[in-house]
Amino acid sequence: MKFLKDILKGVVIGVANAIPGVSGGTMMVSMGVYDDIIFCITHLFKQLKKSIMILLPYFIGMLIGIVGLAFSIKSLYANFPFQTSMVFIGLIIGGVPMLYEHVKKTSLKLSHILLFLLFLVSIIAMQYFGGSGKDVVLSLDIISIIKIFFIGILASATMVIPGVSGSMMMMILGYYNPIINAITGFVTALAERDWNTMLNICGSLVPFGIGVVAGIFVIAKIIEILLQKFEAHTYCAILGLVISSPVVILMGTDMGNINIIAVLTGLVCLVAGVFASRQLGK
């Protein structure tokens with residue numbers, strides 16, 4: 001039962017990572033698995049069997065979420081953008097009390113408050129002043145492969161940091177659609193057993209994947225060190241990132257066709273998201 005529940009958590013994290021403006025790291029925090037995942041990543045080689053057993057269901061779920069459900073989520077965003085956004089906002093809100101537990105036990109100082117406000121405002125400003133960069137064309141020359149590798153590092157780092165959307169950063173740099181198209185193209189080619197197309201696409205996806213893995217290990221280690229040496233300050237920063245996320249999600253949501261029905265169904269989706277977050281976080 002716990003294994004299946006952890007897979008569902010992984011699905012939510014994977015889908016969040018695939019959607020611009022939504023942070024997989026925030027979903028980890030909201031469902032109470034952030035510390036465990038960071039610890040297992042940084043101690044993977046020291047406690048190999050234990051770490052793999054803990055991480056396995058999350059990664060299975062993330063794979064399902066990124067490769068499978070990302071298709072349907074994109075469709076939901078296209079047809080029901082407000083309601084879909086409200087589900088993710090509900091998932092985030094449901095996890096805030098759990099995160100606040102780490103902060104309230106500390107006697108807050110001015111530095112804690114300033115750090116919270118700094119990260120809160122910086123993420124909102126990033127969304128406001130950001131934008132969608134022109135899509136690049138993926139190619140297999142050495143310069144492009146190196147660029148894709150570093151884009152993987154950047155994407156994974158922002159995926160792990162709560163409140164920061166790796167997909168949004170990739171979109172700003174013009175790599176989001178090309179990478180998503182490469183993933184969907186690979187899945188389609190795999191279903192059709194088109195080996196030549198699969199090999200060509202791997203030329204782009206493999207360096208991206210290596211960069212993602214490298215970035216996850218590096219940023220996870222940095223976060224672990226910060227939690228060990230500056231726990232209260234780190235959690236205040238994470239709280240600022242998490243609380244900024246609903247604002248960022250709404251800023252990136254198409255509000256053109258909002259009516260009373262959309263508002264009411266959106267509120268239902270919000271409550272459903274809060275409920276799901278609370279249940280998954282138990």
# chains A, B, ... in the order shown; residues from 1 in each chain; ligands from 1

$ closest_atom_pairs --of "stretch 16-123 of chain A" --to "stretch 260-278 of chain A" --cutoff "8 Å" --atoms "only C-alpha atoms" --output "Markdown table"
| residue | atom | partner | partner_atom | distance |
| --- | --- | --- | --- | --- |
| A:Ser30 | CA | A:Ser277 | CA | 6.6 |
| A:Met31 | CA | A:Ser277 | CA | 5.9 |
| A:Phe82 | CA | A:Gly266 | CA | 6.4 |
| A:Gln83 | CA | A:Gly266 | CA | 4.4 |
| A:Thr84 | CA | A:Cys269 | CA | 7.4 |
| A:Met86 | CA | A:Leu270 | CA | 4.8 |
| A:Val87 | CA | A:Gly273 | CA | 4.7 |
| A:Phe88 | CA | A:Gly273 | CA | 6.4 |
| A:Ile89 | CA | A:Leu270 | CA | 6.6 |
| A:Gly90 | CA | A:Gly273 | CA | 4.0 |
| A:Leu91 | CA | A:Gly273 | CA | 4.5 |
| A:Ile92 | CA | A:Ser277 | CA | 7.4 |
| A:Ile93 | CA | A:Val274 | CA | 6.2 |
| A:Gly94 | CA | A:Val274 | CA | 4.3 |
| A:Gly95 | CA | A:Ser277 | CA | 6.2 |

$ atom_distance --atom1 "atom CA of A:Phe150" --atom2 "atom CA of A:Gly211"
6.0 Å

$ residues_around --residues "A:Met198" --least-positions-apart "6" --cutoff "7 Å" --atoms "only C-alpha atoms" --output "PyMOL selection string"
chain A and resi 186+189-190

$ atom_distance --atom1 "atom CA of A:Gly215" --atom2 "atom CA of A:Leu4"
27.2 Å

$ residues_around --residues "A:Gly152" --least-positions-apart "3" --cutoff "9 Å" --atoms "only C-alpha atoms" --output "PDB file with C-alpha atoms, in the first residue's frame"
ATOM      1  CA  LYS A 147      24.559  23.154 -24.279  1.00  0.00           C
ATOM      2  CA  ILE A 148      21.906  20.443 -23.838  1.00  0.00           C
ATOM      3  CA  PHE A 149      23.986  18.877 -21.044  1.00  0.00           C
ATOM      4  CA  ALA A 155      16.541  22.034 -15.310  1.00  0.00           C
ATOM      5  CA  SER A 156      17.239  19.413 -12.652  1.00  0.00           C
ATOM      6  CA  ALA A 157      18.567  21.978 -10.177  1.00  0.00           C
ATOM      7  CA  PRO A 207      23.210  14.383 -22.767  1.00  0.00           C
ATOM      8  CA  PHE A 208      20.132  16.113 -21.336  1.00  0.00           C
ATOM      9  CA  GLY A 209      19.477  13.107 -19.090  1.00  0.00           C
ATOM     10  CA  ILE A 210      23.111  12.974 -17.931  1.00  0.00           C
ATOM     11  CA  GLY A 211      22.915  16.681 -17.095  1.00  0.00           C
ATOM     12  CA  VAL A 212      19.685  16.125 -15.140  1.00  0.00           C
ATOM     13  CA  VAL A 213      21.275  13.368 -13.034  1.00  0.00           C
ATOM     14  CA  ALA A 214      24.423  15.432 -12.384  1.00  0.00           C
ATOM     15  CA  GLY A 215      22.379  18.497 -11.416  1.00  0.00           C
TER      16      GLY A 215
END

$ atom_distance --atom1 "atom CA of A:Leu108" --atom2 "atom CA of A:Ile123"
22.1 Å

$ decode --residues "stretch 36-53 of chain A" --atoms "N, CA, C and O atoms" --output "compact mmCIF listing (two decimals), in the first residue's frame"
# COMPACT_ATOMS: atom_id res chain seq x y z
N ASP A 36 13.36 13.28 2.83
CA ASP A 36 13.72 11.88 2.57
C ASP A 36 14.38 11.72 1.21
O ASP A 36 15.38 10.99 1.07
N ILE A 37 13.82 12.37 0.19
CA ILE A 37 14.37 12.25 -1.16
C ILE A 37 15.76 12.86 -1.24
O ILE A 37 16.68 12.28 -1.82
N ILE A 38 15.93 14.05 -0.64
CA ILE A 38 17.24 14.71 -0.64
C ILE A 38 18.27 13.82 0.06
O ILE A 38 19.39 13.63 -0.42
N PHE A 39 17.89 13.26 1.22
CA PHE A 39 18.81 12.41 1.98
C PHE A 39 19.20 11.18 1.18
O PHE A 39 20.39 10.80 1.14
N CYS A 40 18.23 10.54 0.54
CA CYS A 40 18.53 9.32 -0.23
C CYS A 40 19.42 9.61 -1.43
O CYS A 40 20.29 8.80 -1.78
N ILE A 41 19.22 10.75 -2.06
CA ILE A 41 20.05 11.11 -3.22
C ILE A 41 21.49 11.33 -2.79
O ILE A 41 22.43 10.84 -3.41
N THR A 42 21.67 12.08 -1.69
CA THR A 42 23.03 12.41 -1.25
C THR A 42 23.74 11.23 -0.59
O THR A 42 24.96 11.22 -0.46
N HIS A 43 22.97 10.23 -0.13
CA HIS A 43 23.56 9.04 0.50
C HIS A 43 23.35 7.79 -0.34
O HIS A 43 23.39 6.68 0.19
N LEU A 44 23.16 8.00 -1.64
CA LEU A 44 22.84 6.88 -2.52
C LEU A 44 23.92 5.80 -2.49
O LEU A 44 23.62 4.61 -2.42
N PHE A 45 25.18 6.21 -2.53
CA PHE A 45 26.27 5.23 -2.61
C PHE A 45 26.69 4.72 -1.23
O PHE A 45 27.25 3.63 -1.12
N LYS A 46 26.38 5.49 -0.18
CA LYS A 46 26.71 5.04 1.17
C LYS A 46 25.67 4.05 1.68
O LYS A 46 26.00 3.11 2.41
N GLN A 47 24.41 4.27 1.33
CA GLN A 47 23.33 3.38 1.75
C GLN A 47 22.54 2.97 0.50
O GLN A 47 21.38 3.33 0.34
N LEU A 48 23.21 2.26 -0.39
CA LEU A 48 22.68 1.99 -1.72
C LEU A 48 21.32 1.29 -1.69
O LEU A 48 20.35 1.77 -2.29
N LYS A 49 21.25 0.16 -1.01
CA LYS A 49 20.02 -0.63 -1.02
C LYS A 49 18.85 0.13 -0.41
O LYS A 49 17.75 0.19 -0.99
N LYS A 50 19.08 0.73 0.76
CA LYS A 50 18.03 1.48 1.44
C LYS A 50 17.55 2.66 0.59
O LYS A 50 16.34 2.90 0.45
N SER A 51 18.51 3.40 0.00
CA SER A 51 18.16 4.58 -0.80
C SER A 51 17.37 4.18 -2.03
O SER A 51 16.38 4.83 -2.39
N ILE A 52 17.79 3.11 -2.71
CA ILE A 52 17.09 2.66 -3.91
C ILE A 52 15.66 2.24 -3.58
O ILE A 52 14.71 2.57 -4.31
N MET A 53 15.49 1.51 -2.47
CA MET A 53 14.16 1.05 -2.08
C MET A 53 13.22 2.22 -1.78
O MET A 53 12.02 2.17 -2.05
